[in-house]
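Worksheet: one structure, shown below.
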Amino acid sequence: MITKRIIPCLDVRDGRVVKGVNFLDLRDVSSPVDLARYYSANGADELVFYDITASYEGRAIFTDILREAASTVFIPLTVGGGINTVDDFDRVLKCGADKVSVNSGAIRDPSLVGAAAKKYGDQCVVLSVDIKRVDGAFHVFAKGGREDTGIEAIDWIRRCVGAGAGEVVVNSMDTDGVRGGFDLELLDAVCAAVRVPVIASGGAGCAEDFVTLFKELPKVDAGLAASIFHFGDVKIDELKRLLSREGIPVRYRDQEEKVNA
Amino acid sequence: MIAVVDYGVGNLFSLVCSVRSLGVEVAVERDPEKLSLASSILLPGVGAFEDAAKLLASTGMGDAVKEQACAGKPVMGICLGMQLLFDRSFEYGDHAGLGLIKGEIVPLEPVIPADYKIPHIGWNALHFPKDREKSELFKYIDEGDFVYFVHSYYAANCSESVIATTEYGAEVTAAAASENVYGCQFHPEKSGDVGLKILRAFCEL
């Protein structure tokens with residue numbers, strides 16, 4: 001049976017992980033490579049590297065780091081941030097990314113998703129959408145959530161999937177940072193609209209929020225979070241054990257289970 | 001030395017790094033003549049079957065891989081590279097493969113329930129057929145271990161060569177073998193420690 005994926009997201013600026021990270025057993029708490037290794041060893045199913053660098057120099061550092069991470073961590077890597085052209089896809093795929101996440105770039109150039117999917121395959125193109133309720137409707141926001149595009153979100157997702165997006169990351173700005181759980185209403189609407197994997201983002205405050213997510217919405221494929229993992233509030237191996245005990249399929253095998261298998 | 005076949009399809013970076021991490025020497029090979037120097041051959045691939053099959057033919061790599069396989073050298077295809085080892089594929093038409101493993105590549109869509117997503121993306125468990133001995137390829141891993149899949153088509157009509165299956169609303173071929181020729185539908189180079197153990201077993205064949 002396919003398992004639910006748990007995905008930590010690392011925001012990287014000028015080669016360092018942004019947002020405080022507090023692991024005693026890490027040599028360098030803001031090294032993206034060390035953190036990637038740590039998460040992989042603790043049961044992360046996939047990693048997202050989000051490049052929030054603005055400068056050209058910073059971008060070159062980012063690709064060096066990506067290359068280093070991809071040569072020591074052998075789980076799927078998704079890269080996002082600053083992806084505006086098919087050449088940007090090429091740049092990060094060559095450095096070891098498996099999937100590329102597009103957000104504002106797809107809004108600026110609506111042909112980007114289709115062009116990238118044609119060249120690299122649907123499985124490579126992840127649509128990431130920042131969504132906020134405006135007057136009772138779901139609106140797509142651009143530029144890291146700073147600009148309301150006025151575009152209706154469910155329709156936007158349906159169009160991008162039609163053009164070739166192979167997965168959708170749904171980031172709810174209404175629940176993000178609140179730590180009160182994922183945005184189940186929004187996620188339910190997205191799951192009903194498309195047949196590609198849906199990744200929930202924004203709102204996880206504790207391990208139980210993931211249990212609620214997968215129990216309430218069995219169609220959601222993965223849960224993504226950043227700070228609760230970075231701060232050590234939720235440890236991925238413990239989260240997997242909890243999900244497994246709650247009957248949610250995850251990639252987790254404790255020794256006892258393995259002996260009995 | 002393990003040769004990774006470079007015929008212009010997909011990203012070889014992770015595969016090369018994962019084999020290298022085992023302490024095994026790897027060469028990315030663009031020259032079909034040089035495959036004879038390798039102790040075994042990995043055939044990667046992502047994207048569309050037809051494009052990849054054409055590139056295998058035009059680069060001369062298809063014939064070279066076939067020649068080495070027929071001479072008894074261990075060959076393993078990964079993902080689309082696995083599918084190319086079969087007789088034919090029905091992905092957007094009807095296209096010939098290398099014919100090293102009997103069977104054909106067909107879409108998942110008609111055999112899985114309507115609420116299952118396509119592509120089949122994520123970590124899924126391996127099951128070994130109970131009516132045959134476990135393949136050498138899996139000597140370091142256990143029944144139920146998880147590997148990472150990304151695919152919309154799968155190998156069918158190949159029951160005699162199936163060495164592992166996975167469950168996705170239907171029983172889906174996860175790996176197949178015909179003597180010294182192996183194929184994994186999943187990505188061992190993206191499957192953490194379990195994947196590295198599979199690659200190690202292949203390198204030791």
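By order of appearance in the structure tokens: chains A, B, ..., then residues from 1 within every chain, and ligands from 1 in the order shown.
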Skipping near chain neighbours, those fewer than 3 positions away, what residues fall within 8 Å of segment 177-189 of chain B using only C-alpha atoms, listed as a VMD selection string? (chain A and resid 74 to 75) or (chain B and resid 14 to 15 18 to 19 69 72 to 83 85 100 to 101 147 to 151 154 161 to 163 173 to 174 192 194 to 196 198 to 199)
Generate the output file for the selected residues, C-alpha atoms, as a PDB file, in the first residue's frame.
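Result file is result-v5.pdb:
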ATOM      1  CA  PHE A  74      19.407   9.342  -1.298  1.00  0.00           C
ATOM      2  CA  ILE A  75      15.739  10.263  -0.963  1.00  0.00           C
TER       3      ILE A  75
ATOM      4  CA  SER B  14      21.884  10.701  -8.127  1.00  0.00           C
ATOM      5  CA  LEU B  15      22.426   7.253  -9.588  1.00  0.00           C
ATOM      6  CA  SER B  18      24.547   6.456  -4.922  1.00  0.00           C
ATOM      7  CA  VAL B  19      26.701   3.752  -6.531  1.00  0.00           C
ATOM      8  CA  ALA B  69      23.485  -8.770 -21.783  1.00  0.00           C
ATOM      9  CA  GLY B  72      26.087 -12.783 -19.729  1.00  0.00           C
ATOM     10  CA  LYS B  73      27.023  -9.447 -18.163  1.00  0.00           C
ATOM     11  CA  PRO B  74      24.705  -8.232 -15.353  1.00  0.00           C
ATOM     12  CA  VAL B  75      22.440  -5.463 -16.664  1.00  0.00           C
ATOM     13  CA  MET B  76      19.876  -3.561 -14.598  1.00  0.00           C
ATOM     14  CA  GLY B  77      17.321  -1.089 -15.914  1.00  0.00           C
ATOM     15  CA  ILE B  78      15.767   1.480 -13.583  1.00  0.00           C
ATOM     16  CA  CYS B  79      12.277   2.980 -14.006  1.00  0.00           C
ATOM     17  CA  LEU B  80      11.944   3.741 -17.743  1.00  0.00           C
ATOM     18  CA  GLY B  81      15.287   1.936 -18.158  1.00  0.00           C
ATOM     19  CA  MET B  82      13.546  -1.188 -16.825  1.00  0.00           C
ATOM     20  CA  GLN B  83      10.607  -0.773 -19.182  1.00  0.00           C
ATOM     21  CA  LEU B  85      14.280  -4.016 -21.419  1.00  0.00           C
ATOM     22  CA  LEU B 100      15.649  -8.856 -23.057  1.00  0.00           C
ATOM     23  CA  ILE B 101      12.730  -9.640 -20.728  1.00  0.00           C
ATOM     24  CA  VAL B 147      11.135   1.805  -2.022  1.00  0.00           C
ATOM     25  CA  TYR B 148      10.295   4.951  -3.968  1.00  0.00           C
ATOM     26  CA  PHE B 149       8.155   4.746  -7.112  1.00  0.00           C
ATOM     27  CA  VAL B 150       7.248   7.298  -9.794  1.00  0.00           C
ATOM     28  CA  HIS B 151       5.452   5.812 -12.808  1.00  0.00           C
ATOM     29  CA  TYR B 154       4.031  -0.979 -15.616  1.00  0.00           C
ATOM     30  CA  SER B 161      10.188 -13.032 -14.653  1.00  0.00           C
ATOM     31  CA  VAL B 162       8.561 -11.109 -11.740  1.00  0.00           C
ATOM     32  CA  ILE B 163      10.864 -11.012  -8.694  1.00  0.00           C
ATOM     33  CA  THR B 173       5.305  -5.469 -11.104  1.00  0.00           C
ATOM     34  CA  ALA B 174       8.011  -3.794  -9.026  1.00  0.00           C
ATOM     35  CA  GLY B 192      17.365   5.454   1.117  1.00  0.00           C
ATOM     36  CA  VAL B 194      16.968  -0.067   1.254  1.00  0.00           C
ATOM     37  CA  GLY B 195      17.797   1.218  -2.229  1.00  0.00           C
ATOM     38  CA  LEU B 196      21.525   1.281  -1.527  1.00  0.00           C
ATOM     39  CA  ILE B 198      19.704  -3.304  -3.664  1.00  0.00           C
ATOM     40  CA  LEU B 199      22.404  -1.473  -5.628  1.00  0.00           C
TER      41      LEU B 199
END
Return the neighbours of chain B among the residues of chain A, cut-off 9 Å, counting only C-alpha atoms, as a PyMOL selection string. chain A and resi 1-5+40-41+45+67+70-77+93-98+119-123+166+195-197+219+221+250-253+258+261
Would you mind exporting N, CA and C atoms of the selected residues as a short mmCIF file (atom, residue, chain, number, x, y, z; two decimals), in the first residue's frame?
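The new file result.cif reads:
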data_model
loop_
_atom_site.label_atom_id
_atom_site.label_comp_id
_atom_site.auth_asym_id
_atom_site.auth_seq_id
_atom_site.Cartn_x
_atom_site.Cartn_y
_atom_site.Cartn_z
N MET A 1 0.84 -1.20 0.00
CA MET A 1 0.00 0.00 0.00
C MET A 1 0.88 1.25 0.00
N ILE A 2 0.50 2.22 -0.80
CA ILE A 2 1.28 3.46 -0.87
C ILE A 2 1.21 4.16 0.49
N THR A 3 2.30 4.74 0.92
CA THR A 3 2.36 5.33 2.26
C THR A 3 2.21 6.86 2.18
N LYS A 4 1.77 7.43 3.28
CA LYS A 4 1.67 8.89 3.38
C LYS A 4 3.07 9.45 3.62
N ARG A 5 3.38 10.51 2.92
CA ARG A 5 4.74 11.07 3.01
C ARG A 5 4.82 12.23 3.99
N SER A 40 16.88 12.73 6.74
CA SER A 40 16.85 11.48 6.00
C SER A 40 17.04 10.29 6.94
N ALA A 41 18.01 10.42 7.86
CA ALA A 41 18.28 9.33 8.81
C ALA A 41 17.12 9.13 9.78
N ASP A 45 10.52 11.35 4.23
CA ASP A 45 10.28 10.62 2.99
C ASP A 45 10.77 11.38 1.77
N ARG A 67 23.96 20.25 -4.81
CA ARG A 67 24.80 19.18 -5.35
C ARG A 67 25.37 18.34 -4.21
N ALA A 70 22.54 16.27 -2.60
CA ALA A 70 22.09 15.18 -3.46
C ALA A 70 23.14 14.08 -3.58
N SER A 71 24.39 14.38 -3.28
CA SER A 71 25.40 13.33 -3.40
C SER A 71 25.56 12.54 -2.11
N THR A 72 24.83 12.93 -1.04
CA THR A 72 24.93 12.15 0.20
C THR A 72 23.57 11.72 0.75
N VAL A 73 22.50 12.33 0.26
CA VAL A 73 21.17 11.98 0.77
C VAL A 73 20.37 11.34 -0.36
N PHE A 74 20.01 10.07 -0.18
CA PHE A 74 19.41 9.34 -1.30
C PHE A 74 17.90 9.14 -1.13
N ILE A 75 17.20 10.25 -0.92
CA ILE A 75 15.74 10.26 -0.96
C ILE A 75 15.35 11.39 -1.92
N PRO A 76 14.09 11.44 -2.38
CA PRO A 76 13.73 12.46 -3.37
C PRO A 76 13.91 13.89 -2.85
N LEU A 77 14.43 14.73 -3.73
CA LEU A 77 14.65 16.14 -3.39
C LEU A 77 13.83 17.02 -4.33
N LEU A 93 17.92 20.67 -11.81
CA LEU A 93 17.87 19.23 -12.08
C LEU A 93 19.28 18.68 -12.28
N LYS A 94 20.15 19.46 -12.91
CA LYS A 94 21.54 19.04 -13.14
C LYS A 94 22.30 18.88 -11.83
N CYS A 95 21.84 19.57 -10.79
CA CYS A 95 22.53 19.51 -9.50
C CYS A 95 21.91 18.48 -8.57
N GLY A 96 21.01 17.66 -9.08
CA GLY A 96 20.52 16.55 -8.29
C GLY A 96 19.09 16.66 -7.80
N ALA A 97 18.35 17.72 -8.18
CA ALA A 97 16.93 17.79 -7.82
C ALA A 97 16.17 16.73 -8.61
N ASP A 98 15.14 16.16 -8.00
CA ASP A 98 14.30 15.20 -8.71
C ASP A 98 13.03 15.86 -9.21
N LYS A 119 9.16 18.86 -21.38
CA LYS A 119 10.59 18.57 -21.45
C LYS A 119 11.05 17.54 -20.41
N TYR A 120 10.53 17.62 -19.20
CA TYR A 120 11.04 16.77 -18.12
C TYR A 120 10.04 15.74 -17.59
N GLY A 121 8.82 15.79 -18.07
CA GLY A 121 7.80 14.86 -17.60
C GLY A 121 6.96 15.46 -16.49
N ASP A 122 5.68 15.06 -16.42
CA ASP A 122 4.76 15.59 -15.40
C ASP A 122 5.28 15.36 -13.99
N GLN A 123 5.92 14.20 -13.79
CA GLN A 123 6.36 13.82 -12.43
C GLN A 123 7.37 14.81 -11.86
N GLY A 166 2.48 17.56 -11.98
CA GLY A 166 2.31 16.18 -11.51
C GLY A 166 1.98 16.05 -10.04
N ARG A 195 -6.64 14.73 -9.82
CA ARG A 195 -6.29 13.33 -9.55
C ARG A 195 -4.78 13.13 -9.41
N VAL A 196 -4.05 14.19 -9.12
CA VAL A 196 -2.61 14.03 -8.88
C VAL A 196 -2.37 14.15 -7.38
N PRO A 197 -1.21 13.70 -6.90
CA PRO A 197 -0.95 13.79 -5.46
C PRO A 197 -1.04 15.23 -4.93
N LYS A 219 -7.49 11.27 1.02
CA LYS A 219 -6.96 11.53 -0.32
C LYS A 219 -5.70 12.39 -0.32
N ASP A 221 -1.95 13.12 0.15
CA ASP A 221 -0.84 12.18 0.01
C ASP A 221 0.33 12.46 0.94
N VAL A 250 2.45 4.40 6.70
CA VAL A 250 3.65 5.22 6.58
C VAL A 250 4.85 4.30 6.40
N ARG A 251 5.92 4.89 5.91
CA ARG A 251 7.17 4.15 5.76
C ARG A 251 7.85 4.13 7.11
N TYR A 252 7.47 3.15 7.91
CA TYR A 252 8.01 3.05 9.26
C TYR A 252 7.92 1.60 9.68
N ARG A 253 9.03 1.05 10.16
CA ARG A 253 8.99 -0.33 10.63
C ARG A 253 9.76 -0.39 11.93
N LYS A 258 9.12 -5.93 12.33
CA LYS A 258 9.97 -6.56 11.31
C LYS A 258 10.21 -8.03 11.64
N ALA A 261 7.08 -9.99 10.75
CA ALA A 261 6.63 -9.95 9.35
C ALA A 261 6.93 -11.27 8.63
#
Distance of atom CA of Cys124 of chain A from atom CA of Ala53 of chain B, expressed in Å to one decimal place: 20.1 Å
Write out as an MDAnalysis selection string the residues lying within 12 Å of Ile236 of chain A, counting only C-alpha atoms and excluding same-chain residues fewer than 2 positions away. chainID A and resid 5:8 38:46 206:207 210 223:226 228:234 238:243 250:252
Can you write out the residues you just picked, keeping C-alpha atoms, as a short mmCIF file (atom, residue, chain, number, x, y, z; two decimals), in the first residue's frame?
data_model
loop_
_atom_site.label_atom_id
_atom_site.label_comp_id
_atom_site.auth_asym_id
_atom_site.auth_seq_id
_atom_site.Cartn_x
_atom_site.Cartn_y
_atom_site.Cartn_z
CA ARG A 5 4.74 11.07 3.01
CA ILE A 6 6.21 13.38 5.64
CA ILE A 7 8.23 16.20 4.08
CA PRO A 8 10.38 18.74 5.91
CA TYR A 38 19.66 14.31 9.80
CA TYR A 39 16.11 14.30 8.41
CA SER A 40 16.85 11.48 6.00
CA ALA A 41 18.28 9.33 8.81
CA ASN A 42 15.19 10.07 10.93
CA GLY A 43 12.64 8.92 8.39
CA ALA A 44 11.80 11.93 6.22
CA ASP A 45 10.28 10.62 2.99
CA GLU A 46 11.37 13.50 0.86
CA CYS A 206 1.86 19.10 16.62
CA ALA A 207 2.03 15.45 15.60
CA PHE A 210 -0.94 15.00 10.87
CA GLY A 223 2.18 16.61 4.86
CA LEU A 224 4.84 19.30 4.62
CA ALA A 225 6.13 21.46 7.46
CA ALA A 226 9.19 23.48 8.40
CA ILE A 228 7.89 22.29 13.92
CA PHE A 229 10.54 19.90 12.58
CA HIS A 230 13.39 22.42 12.76
CA PHE A 231 12.60 23.39 16.35
CA GLY A 232 12.34 19.74 17.32
CA ASP A 233 8.69 20.09 18.47
CA VAL A 234 7.88 17.11 16.28
CA GLU A 238 8.16 9.66 16.54
CA LEU A 239 5.54 11.14 14.21
CA LYS A 240 5.81 8.08 11.97
CA ARG A 241 5.39 5.74 14.94
CA LEU A 242 2.27 7.64 16.01
CA LEU A 243 0.78 7.57 12.50
CA VAL A 250 3.65 5.22 6.58
CA ARG A 251 7.17 4.15 5.76
CA TYR A 252 8.01 3.05 9.26
#
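Across the structure, atom CA of Ile131 of chain A and atom CA of Asp51 of chain A are spaced 19.8 Å apart.
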Quick one: residues within 9 Å of Arg200 of chain B, only C-alpha atoms, excluding same-chain residues fewer than 5 positions away - as a ChimeraX atom specification? /B:19,22,24,137,140,195,205
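You will find atom CA of Lys197 of chain B at 19.7 Å from atom CA of Ala69 of chain A.
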What are the DSSP strand (DSSP E) residues of segment 83-141 of chain A, as a PyMOL selection string? chain A and resi 99-102+125-134+137-141
Excluding Ala192 of chain A and any residue of its chain fewer than 5 positions from it, enumerate the residues within 12 Å of it, using only C-alpha atoms, and give them as a ChimeraX atom specification. /A:154-155,157-158,185-187,197-198,217-220 /B:115,117
Any chance you could export the current selection's N, CA and C atoms as a short mmCIF file (atom, residue, chain, number, x, y, z; two decimals), in the first residue's frame?
data_model
loop_
_atom_site.label_atom_id
_atom_site.label_comp_id
_atom_site.auth_asym_id
_atom_site.auth_seq_id
_atom_site.Cartn_x
_atom_site.Cartn_y
_atom_site.Cartn_z
N ILE A 154 -8.91 27.07 -6.90
CA ILE A 154 -9.23 25.70 -7.34
C ILE A 154 -9.17 25.62 -8.87
N ASP A 155 -9.68 26.65 -9.51
CA ASP A 155 -9.64 26.70 -10.97
C ASP A 155 -8.19 26.77 -11.47
N ILE A 157 -5.50 25.61 -9.95
CA ILE A 157 -4.86 24.31 -9.75
C ILE A 157 -5.30 23.33 -10.83
N ARG A 158 -6.61 23.35 -11.13
CA ARG A 158 -7.15 22.46 -12.16
C ARG A 158 -6.47 22.74 -13.51
N GLU A 185 -10.64 22.26 4.97
CA GLU A 185 -11.67 22.68 4.02
C GLU A 185 -11.06 22.93 2.64
N LEU A 186 -9.96 23.68 2.63
CA LEU A 186 -9.28 23.99 1.38
C LEU A 186 -8.73 22.71 0.73
N LEU A 187 -8.08 21.87 1.55
CA LEU A 187 -7.47 20.65 1.01
C LEU A 187 -8.52 19.72 0.42
N PRO A 197 -1.21 13.70 -6.90
CA PRO A 197 -0.95 13.79 -5.46
C PRO A 197 -1.04 15.23 -4.93
N VAL A 198 -1.64 15.34 -3.73
CA VAL A 198 -1.82 16.64 -3.07
C VAL A 198 -1.01 16.64 -1.77
N LEU A 217 -8.94 13.39 5.73
CA LEU A 217 -8.81 13.50 4.27
C LEU A 217 -7.87 12.41 3.75
N PRO A 218 -8.39 11.19 3.60
CA PRO A 218 -7.52 10.09 3.15
C PRO A 218 -6.93 10.32 1.76
N LYS A 219 -7.49 11.27 1.02
CA LYS A 219 -6.96 11.53 -0.32
C LYS A 219 -5.70 12.39 -0.32
N VAL A 220 -5.40 13.04 0.79
CA VAL A 220 -4.16 13.82 0.87
C VAL A 220 -2.98 12.85 0.94
N ASP B 115 -10.29 5.98 -7.77
CA ASP B 115 -9.86 7.00 -6.81
C ASP B 115 -8.35 6.92 -6.51
N LYS B 117 -4.48 7.62 -7.47
CA LYS B 117 -3.86 8.68 -8.25
C LYS B 117 -2.84 8.14 -9.26
#
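Comparing B:Phe128, B:Phe138, B:Tyr153, B:Phe86 by their smallest distance to Phe202 of chain B, the closest is B:Phe138 (using only C-alpha atoms).
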Residues of segment 114-223 of chain A in helix (DSSP H, G or I) according to DSSP, as number ranges by chain? A: 114-120, 122-124, 153-163, 184-193, 207-216
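Minimum atom-to-atom distance to Gly81 of chain A, evaluated using only C-alpha atoms, belongs to A:Leu10 out of A:Ala189, A:Leu10, A:Val113, A:Ala137.
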